[in-house]
Amino acid sequence: MHNNIAIIKPAASVLACLLLGTACAAFAAKPIPPSPRAYVHNERVLSAPAAARLSALLAGFQRETGHQFVVALFESLEGESLETYSTALFRAWKIGDAKRNDGLLLALFRKDRLWRVEVGYGLEGVVTDMEAGEIARSQGVPHFKSGDFASGFSPSPPP
């Protein structure tokens with residue numbers, strides 16, 4: 001009986017460490033913030049006036065087209081996968097019309113120098129993943145590299 005206790009104690013300690021490690025890993029994941037009310041989730045990346053201008057621009061776009069575009073600006077991914085976190089944001093925030101699945105999310109992570117565009121299936125005929133990426137690369141990235149995030153979200157003047 002005494003030998004069984006000697007075996008149970010280390011086994012219980014190992015099990016406790018495994019459970020504690022799993023719990024710590026679960027809490028380490030970057031939480032999904034509540035859905036933005038005004039088209040822009042901004043974690044100190046844009047000034048408040050710039051975020052308000054961008055939100056007004058996106059609201060006007062939705063009134064004109066019926067498609068919802070949301071911009072999520074974060075300081076960092078905090079070790080999360082870009083693809084996994086961006087997809088989770090898109091799904092959790094339910095961007096676009098539920099039946100048409102026609103939303104678009106541009107997620108930018110300033111310190112990581114990463115961004116991603118998520119396009120709902122219903123909008124892929126209008127904005128392909130390739131086109132969305134090209135627009136972001138040609139219009140946004142030059143401004144993002146210089147730290148001028150507000151200009152990276154401003155529409156280009158017509159040619």
# chains A, B, ... in the order shown; residues from 1 in each chain; ligands from 1
>>> residues_around(residues="A:Gly122", least_positions_apart="4", cutoff="9 Å", atoms="only C-alpha atoms", output="PyMOL selection string")
chain A and resi 99-103+126
>>> write_last_selection(atoms="N, CA and C atoms", output="short mmCIF file (atom, residue, chain, number, x, y, z; two decimals), in the first residue's frame")
data_model
loop_
_atom_site.label_atom_id
_atom_site.label_comp_id
_atom_site.auth_asym_id
_atom_site.auth_seq_id
_atom_site.Cartn_x
_atom_site.Cartn_y
_atom_site.Cartn_z
N LYS A 99 -27.10 36.01 -44.90
CA LYS A 99 -27.54 35.17 -46.04
C LYS A 99 -26.58 35.28 -47.22
N ARG A 100 -26.12 36.50 -47.49
CA ARG A 100 -25.25 36.70 -48.66
C ARG A 100 -23.78 36.42 -48.35
N ASN A 101 -23.39 36.43 -47.08
CA ASN A 101 -22.00 36.23 -46.66
C ASN A 101 -21.08 37.13 -47.49
N ASP A 102 -21.38 38.43 -47.44
CA ASP A 102 -20.72 39.38 -48.35
C ASP A 102 -19.89 40.44 -47.62
N GLY A 103 -19.27 40.05 -46.54
CA GLY A 103 -18.45 41.01 -45.81
C GLY A 103 -16.98 40.91 -46.18
N VAL A 126 -17.04 39.43 -56.57
CA VAL A 126 -16.85 40.86 -56.76
C VAL A 126 -15.41 41.25 -56.41
#
>>> residues_around(residues="A:Leu114", least_positions_apart="5", cutoff="9 Å", atoms="only C-alpha atoms", output="PyMOL selection string")
chain A and resi 76-77+82+107-109
>>> select_by_dssp(residues="stretch 11-146 of chain A", states="strand (DSSP E)", output="list in words")
Val40, His41, Asn42, Phe69, Val70, Val71, Ala72, Leu73, Phe74, Leu104, Leu105, Leu106, Ala107, Leu108, Phe109, Leu114, Trp115, Arg116, Val117, Glu118 and Val119 of chain A
>>> residues_around(residues="A:Leu89", least_positions_apart="2", cutoff="9 Å", atoms="only C-alpha atoms", output="number ranges by chain")
A: 32-33, 35, 72, 84-87, 91-95, 105, 107
>>> residues_around(residues="A:Ser146", least_positions_apart="6", cutoff="12 Å", atoms="only C-alpha atoms", output="list of chain:residue names")
A:Arg110, A:Arg113, A:Gly140, A:Gly152
>>> closest_residue(among="A:Lys145, A:Val127, A:Ala150, A:Leu104", to="A:Asn42", atoms="only C-alpha atoms")
A:Ala150
